[in-house]
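Raw contents of query04.cif, mmCIF, C-alpha atoms:
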data_model
loop_
_atom_site.label_atom_id
_atom_site.label_comp_id
_atom_site.auth_asym_id
_atom_site.auth_seq_id
_atom_site.Cartn_x
_atom_site.Cartn_y
_atom_site.Cartn_z
CA PRO A 293 18.27 79.81 71.34
CA GLU A 294 19.74 77.75 68.52
CA SER A 295 16.35 77.51 66.77
CA SER A 296 16.14 81.32 66.70
CA THR A 297 19.66 81.50 65.29
CA ALA A 298 18.73 79.07 62.51
CA MET A 299 15.60 81.09 61.71
CA THR A 300 17.59 84.33 61.57
CA ARG A 301 20.24 82.88 59.30
CA LEU A 302 17.60 81.48 56.97
CA ALA A 303 15.86 84.87 56.84
CA VAL A 304 19.12 86.57 55.83
CA ARG A 305 19.62 84.03 53.05
CA LEU A 306 16.07 84.54 51.83
CA LEU A 307 16.61 88.29 51.72
CA ALA A 308 19.49 87.56 49.35
CA VAL A 309 17.04 85.57 47.18
CA ARG A 310 14.66 88.55 47.28
CA THR A 311 17.45 90.93 46.27
CA ARG A 312 18.35 88.78 43.22
CA HIS A 313 14.67 88.71 42.25
CA LEU A 314 14.32 92.49 42.49
CA ARG A 315 17.45 92.90 40.37
CA LYS A 316 15.94 90.51 37.79
CA LEU A 317 18.78 88.01 38.26
CA GLU A 318 18.28 84.27 37.85
CA PRO A 319 17.89 82.36 41.15
CA LEU A 320 20.98 80.50 42.28
CA PRO A 321 20.69 76.86 41.20
CA LEU A 322 20.47 73.99 43.66
CA VAL A 323 23.00 71.25 43.00
CA ASP A 324 21.04 68.22 41.82
CA PRO A 325 21.99 65.19 43.97
CA THR A 326 20.56 62.89 41.28
CA ALA A 327 22.77 64.32 38.53
CA ASP A 328 24.70 61.04 38.36
CA ASP A 329 21.49 59.20 37.44
CA PRO A 330 20.41 60.18 33.91
CA GLU A 331 16.96 58.64 34.40
CA ALA A 332 16.21 60.51 37.61
CA PRO A 333 13.69 63.36 37.37
CA PRO A 334 15.17 66.85 37.52
CA VAL A 335 14.99 68.86 40.72
CA ALA A 336 12.87 71.99 40.24
CA HIS A 337 13.23 75.19 42.21
CA ASP A 338 10.95 77.86 43.57
CA VAL A 339 11.70 81.54 43.17
CA TRP A 340 10.97 84.53 45.38
CA PRO A 341 7.32 84.96 44.22
CA ASP A 342 6.67 81.41 45.47
CA VAL A 343 7.99 82.39 48.90
CA GLU A 344 5.63 85.37 48.89
CA GLU A 345 2.70 82.96 48.49
CA LEU A 346 3.36 81.75 52.04
CA ASP A 347 1.49 84.64 53.59
CA PRO A 348 -0.61 84.56 56.73
CA GLN A 349 -4.33 84.84 56.17
CA SER A 350 -4.95 87.93 54.07
CA SER A 351 -7.83 89.11 56.25
CA LEU A 352 -5.48 89.51 59.22
CA ASN A 353 -2.84 92.18 59.65
CA LEU A 354 0.52 91.19 61.11
CA ASP A 355 -0.34 92.42 64.60
CA GLU A 356 -3.43 90.20 64.59
CA VAL A 357 -1.35 87.22 63.48
CA LEU A 358 1.13 87.81 66.30
CA ALA A 359 -1.69 88.25 68.83
CA ARG A 360 -2.91 84.73 68.06
CA LEU A 361 0.44 83.20 68.97
CA PRO A 362 1.74 82.56 72.51
CA GLU A 363 3.37 85.71 73.86
CA ASP A 364 6.89 84.27 74.12
CA ILE A 365 6.78 82.99 70.53
CA ALA A 366 5.44 86.34 69.28
CA GLN A 367 8.29 88.13 71.08
CA ASP A 368 10.78 85.68 69.59
CA ILE A 369 9.47 86.49 66.09
CA LEU A 370 9.66 90.24 66.71
CA GLY A 371 13.18 89.89 68.06
CA GLY A 372 14.15 87.79 65.06
CA SER A 373 12.91 90.39 62.60
CA ASN A 374 14.92 93.10 64.40
CA MET A 375 18.02 90.90 64.34
CA VAL A 376 17.63 90.25 60.60
CA ALA A 377 17.44 93.99 59.95
CA LEU A 378 20.64 94.49 61.97
CA LEU A 379 22.56 91.64 60.28
CA ALA A 380 21.53 92.52 56.74
CA PRO A 381 20.81 96.28 56.69
CA THR A 382 21.40 96.60 52.93
CA MET A 383 19.24 93.64 51.92
CA SER A 384 16.51 94.53 54.38
CA ARG A 385 15.99 98.06 53.09
CA CYS A 386 12.26 97.56 52.95
CA HIS A 387 9.35 98.28 55.22
CA ARG A 388 9.58 96.80 58.72
CA ASN A 389 6.47 94.76 58.00
CA GLU A 390 8.14 93.06 55.03
CA VAL A 391 10.97 91.74 57.23
CA LEU A 392 8.46 90.74 59.90
CA ARG A 393 6.30 88.99 57.32
CA LEU A 394 9.33 87.03 56.09
CA VAL A 395 10.20 85.91 59.61
CA LEU A 396 6.58 84.86 60.13
CA ARG A 397 6.68 82.84 56.92
CA ILE A 398 9.74 81.03 58.19
CA ARG A 399 8.39 80.50 61.71
CA LEU A 400 5.11 79.00 60.48
CA ASN A 401 6.33 77.13 57.39
CA SER A 402 9.99 76.13 57.73
CA MET A 403 10.97 72.49 58.05
CA ALA A 404 13.86 70.99 59.96
CA LEU A 405 16.39 69.18 57.79
CA LEU A 406 15.87 65.70 59.21
CA PRO A 407 18.20 62.74 58.57
CA GLU A 408 16.47 59.92 56.66
CA GLU A 409 17.79 57.04 58.76
CA ARG A 410 16.55 58.48 62.06
CA VAL A 411 13.19 59.49 60.58
CA ARG A 412 12.55 55.96 59.34
CA GLU A 413 13.59 54.55 62.69
CA ALA A 414 11.24 56.84 64.59
CA THR A 415 8.22 56.58 62.27
CA GLY A 416 5.46 54.64 63.99
CA SER A 417 7.60 53.89 67.05
CA ALA A 418 6.18 54.43 70.54
CA GLU A 419 9.68 55.20 71.84
CA SER A 420 11.18 58.66 72.07
CA PHE A 421 13.99 59.43 69.64
CA SER A 422 16.38 62.32 69.46
CA TRP A 423 18.76 63.48 66.78
CA GLN A 424 20.62 66.54 65.62
CA ASP A 425 18.81 68.35 62.83
CA LEU A 426 20.93 69.28 59.83
CA GLY A 427 19.54 72.80 59.66
CA THR A 428 16.33 74.56 58.58
CA GLY A 429 14.81 75.03 55.13
CA LEU A 430 11.81 76.80 53.65
CA TYR A 431 10.05 74.68 51.05
CA PRO A 432 6.96 76.40 49.59
CA SER A 433 5.71 73.13 48.09
CA GLY A 434 6.35 71.28 51.35
CA ALA A 435 4.25 73.87 53.17
CA MET A 436 1.23 72.65 51.19
CA PHE A 437 1.02 69.52 53.34
CA ASN A 438 -1.43 69.71 56.21
CA HIS A 439 -0.72 68.18 59.60
CA SER A 440 -2.39 65.01 60.82
CA CYS A 441 -1.88 63.04 64.02
CA GLU A 442 -2.17 59.91 61.87
CA PRO A 443 -0.20 61.02 58.79
CA ASN A 444 0.05 58.90 55.67
CA CYS A 445 3.43 60.35 54.66
CA LEU A 446 6.87 60.80 56.16
CA TRP A 447 9.41 63.40 55.13
CA TYR A 448 13.16 63.85 55.34
CA MET A 449 15.99 65.66 53.60
CA ASP A 450 18.34 64.13 51.05
CA ARG A 451 21.31 66.49 50.59
CA GLY A 452 19.11 69.55 50.81
CA VAL A 453 16.20 68.18 48.77
CA LEU A 454 12.84 67.62 50.48
CA VAL A 455 11.61 64.03 50.04
CA VAL A 456 8.03 63.08 50.94
CA GLU A 457 6.83 59.50 50.59
CA THR A 458 3.73 57.61 51.61
CA THR A 459 3.86 55.17 54.51
CA ALA A 460 0.82 53.14 53.41
CA PRO A 461 -1.39 52.73 50.34
CA VAL A 462 -3.40 55.90 49.69
CA LYS A 463 -6.68 55.95 47.81
CA GLU A 464 -6.88 58.12 44.73
CA GLY A 465 -8.03 61.59 45.68
CA ALA A 466 -7.21 61.18 49.38
CA GLU A 467 -5.29 63.96 51.08
CA LEU A 468 -1.59 63.47 51.75
CA SER A 469 -0.56 64.60 55.23
CA ILE A 470 2.52 64.80 57.40
CA ALA A 471 3.14 65.21 61.12
CA TYR A 472 4.42 68.65 62.09
CA LEU A 473 5.48 67.25 65.48
CA PRO A 474 5.99 63.67 66.78
CA VAL A 475 2.62 61.93 67.22
CA ALA A 476 3.44 58.20 67.54
CA ARG A 477 5.24 58.10 70.89
CA SER A 478 3.53 56.73 73.98
CA CYS A 479 3.58 60.23 75.44
CA ASP A 480 1.59 61.45 72.41
CA ALA A 481 -1.41 59.25 73.23
CA ASP A 482 -3.23 62.12 74.92
CA ALA A 483 -5.10 64.10 72.27
CA ARG A 484 -5.38 67.18 74.48
CA GLY A 485 -1.62 67.21 74.94
CA ARG A 486 -1.03 66.95 71.19
CA ARG A 487 -3.45 69.80 70.55
CA GLN A 488 -1.73 71.97 73.13
CA ARG A 489 1.69 71.40 71.58
CA LEU A 490 0.44 72.11 68.07
CA PHE A 491 -1.38 75.24 69.20
CA ARG A 492 1.71 76.53 70.94
CA GLU A 493 4.07 75.87 68.04
CA PHE A 494 1.82 76.63 65.06
CA GLY A 495 -1.18 78.56 66.36
CA PHE A 496 -3.94 76.09 65.44
CA GLN A 497 -5.99 73.43 67.18
CA CYS A 498 -5.79 70.10 65.40
CA LEU A 499 -9.01 68.89 63.77
CA CYS A 500 -7.58 65.74 62.20
CA PRO A 501 -9.63 62.47 62.19
CA ARG A 502 -7.58 60.99 65.04
CA CYS A 503 -8.19 63.95 67.33
CA GLU A 504 -11.89 64.00 66.41
CA ARG A 505 -12.17 60.29 67.28
CA GLU A 506 -10.32 60.62 70.57
CA LEU A 507 -12.19 63.76 71.61
CA PRO A 508 -15.66 63.08 70.18
CA ASN A 509 -17.50 65.38 72.56
CA GLN A 510 -15.08 68.28 72.42
CA VAL A 511 -15.40 70.87 69.68
CA ALA A 512 -12.09 72.48 68.87
CA VAL A 513 -12.48 76.09 67.83
CA SER A 514 -9.81 76.79 65.29
CA ALA A 515 -7.41 79.58 66.19
CA SER A 516 -5.18 78.90 63.28
CA VAL A 517 -3.05 81.24 61.26
CA PRO A 518 -3.67 79.65 57.85
CA VAL A 519 -1.08 79.87 55.14
CA ASP A 520 -1.39 79.24 51.46
CA ALA A 521 1.39 77.78 49.34
CA SER A 522 1.95 78.00 45.63
CA ASP A 523 1.82 74.88 43.54
CA ALA A 524 5.36 75.45 42.34
CA GLU A 525 8.18 73.01 42.87
CA VAL A 526 10.85 73.17 45.52
CA GLU A 527 13.83 75.40 46.09
CA VAL A 528 15.84 74.79 49.23
CA VAL A 529 17.33 77.61 51.22
CA GLU A 530 19.02 75.76 53.98
CA ASP A 531 21.02 76.38 57.10
CA ASP A 532 23.80 73.82 57.34
CA ARG A 533 24.62 74.69 60.92
CA PRO A 534 23.46 71.84 63.26
CA ARG A 535 20.71 72.78 65.67
#
Give the structure from the file, written as structure tokens.
Amino acid sequence: PESSTAMTRLAVRLLAVRTRHLRKLEPLPLVDPTADDPEAPPVAHDVWPDVEELDPQSSLNLDEVLARLPEDIAQDILGGSNMVALLAPTMSRCHRNEVLRLVLRIRLNSMALLPEERVREATGSAESFSWQDLGTGLYPSGAMFNHSCEPNCLWYMDRGVLVVETTAPVKEGAELSIAYLPVARSCDADARGRRQRLFREFGFQCLCPRCERELPNQVAVSASVPVDASDAEVEVVEDDRPR
């Protein structure tokens, strides 16, 4: 599938980042799209140690993490790690589990490179929208955002840079959240259906306020595979091949 191809290509690129880190070389810079605006804030970048912060829950070994995912997705991840090792044998000269852990990081934390115009058009709309993603990126800082079925932020990509902005006033100290999957369409009205999709794609049952309101008598037992992200800024490692 094209999504698996994008994940594999991103993993190979990240192995190159890892190799530069191990050789004590500076990370490759990201071209700053705001360079023509002297008053714009600089774009910061993560380095390989920030990627390593995106680990599955430390109390679980990799086999336990895979066992919590749907079988076909677990097999896709295993196949992806084998493909990465075949495509980049020199860069992947590390333990099998390290390649597998990298592919898991990507599978559970990567973000599609979404076009701003289509995202704004779809946000809050009950209609179904479709578009061609611009690729896939791994943003350690972006992975800090939790999912909500009534998010207060939207996100999109601006020439490879992750942009997150609020969609409504947010009280000081309130959590900022994004939607991992579409949640505003008419077909997303069923909370059980949303939970099923999220569980299948990300391995957790949603406990957001909207789901709790719509399923007040149903206790969702979390089967999540939690990930932690560093508080560093963002480096993009993107796949510019349309998916």
Open item on the list: Report as a ChimeraX atom specification all protein, DNA and RNA residues lying within 12 Å of Cys445 in chain A, evaluated on all atoms listed in the file, omitting residues in the same chain fewer than 5 positions from it.
Closed with: /A:411-412,415-416,434,437-440,455-462,466-472
Open item on the list: Since I can't run it myself right now, could you work out what the PyMOL selection byres ((chain A and resi 405) around 7) selects here and report it as a PyMOL selection string?
Closed with: chain A and resi 403-404+406-407+425-429+448-449
- [ ] Go through the shown structure with the PyMOL selection byres ((chain A and resi 495) around 6) and write out the matching residues as a PyMOL selection string.
- [x] chain A and resi 361+491-492+494+496+516
Open item on the list: Is it possible to get the residues within 10 Å of (16.2, 85.8, 49.1) (coordinates as in the file, counting all atoms listed in the file) written as a ChimeraX atom specification?
Closed with: /A:302-314,319-320,339-340,343,383,394,529
Mind writing the picked residues with C-alpha atoms as an mmCIF file, in the frame of the given file?
data_model
loop_
_atom_site.group_PDB
_atom_site.id
_atom_site.type_symbol
_atom_site.label_atom_id
_atom_site.label_comp_id
_atom_site.auth_asym_id
_atom_site.auth_seq_id
_atom_site.Cartn_x
_atom_site.Cartn_y
_atom_site.Cartn_z
ATOM 1 C CA LEU A 302 17.600 81.480 56.970
ATOM 2 C CA ALA A 303 15.860 84.870 56.840
ATOM 3 C CA VAL A 304 19.120 86.570 55.830
ATOM 4 C CA ARG A 305 19.620 84.030 53.050
ATOM 5 C CA LEU A 306 16.070 84.540 51.830
ATOM 6 C CA LEU A 307 16.610 88.290 51.720
ATOM 7 C CA ALA A 308 19.490 87.560 49.350
ATOM 8 C CA VAL A 309 17.040 85.570 47.180
ATOM 9 C CA ARG A 310 14.660 88.550 47.280
ATOM 10 C CA THR A 311 17.450 90.930 46.270
ATOM 11 C CA ARG A 312 18.350 88.780 43.220
ATOM 12 C CA HIS A 313 14.670 88.710 42.250
ATOM 13 C CA LEU A 314 14.320 92.490 42.490
ATOM 14 C CA PRO A 319 17.890 82.360 41.150
ATOM 15 C CA LEU A 320 20.980 80.500 42.280
ATOM 16 C CA VAL A 339 11.700 81.540 43.170
ATOM 17 C CA TRP A 340 10.970 84.530 45.380
ATOM 18 C CA VAL A 343 7.990 82.390 48.900
ATOM 19 C CA MET A 383 19.240 93.640 51.920
ATOM 20 C CA LEU A 394 9.330 87.030 56.090
ATOM 21 C CA VAL A 529 17.330 77.610 51.220
#
Open item on the list: As a check of understanding, name the residues that the PyMOL selection byres ((chain A and resi 484) around 10) selects in the supplied structure, as a list in words.
Closed with: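 When the PyMOL selection byres ((chain A and resi 484) around 10) is applied to the shown file, the picked residues are Asp480, Ala481, Asp482, Ala483, Gly485, Arg486, Arg487, Gln488, Arg489, Leu490, Gln497, Cys498, Cys503, Glu506, Leu507 and Gln510 of chain A.
Proximity of A:His387, A:Gly452, A:Gly372, A:Pro443 to Pro474 in chain A, computed with only C-alpha atoms, is greatest for A:Pro443.
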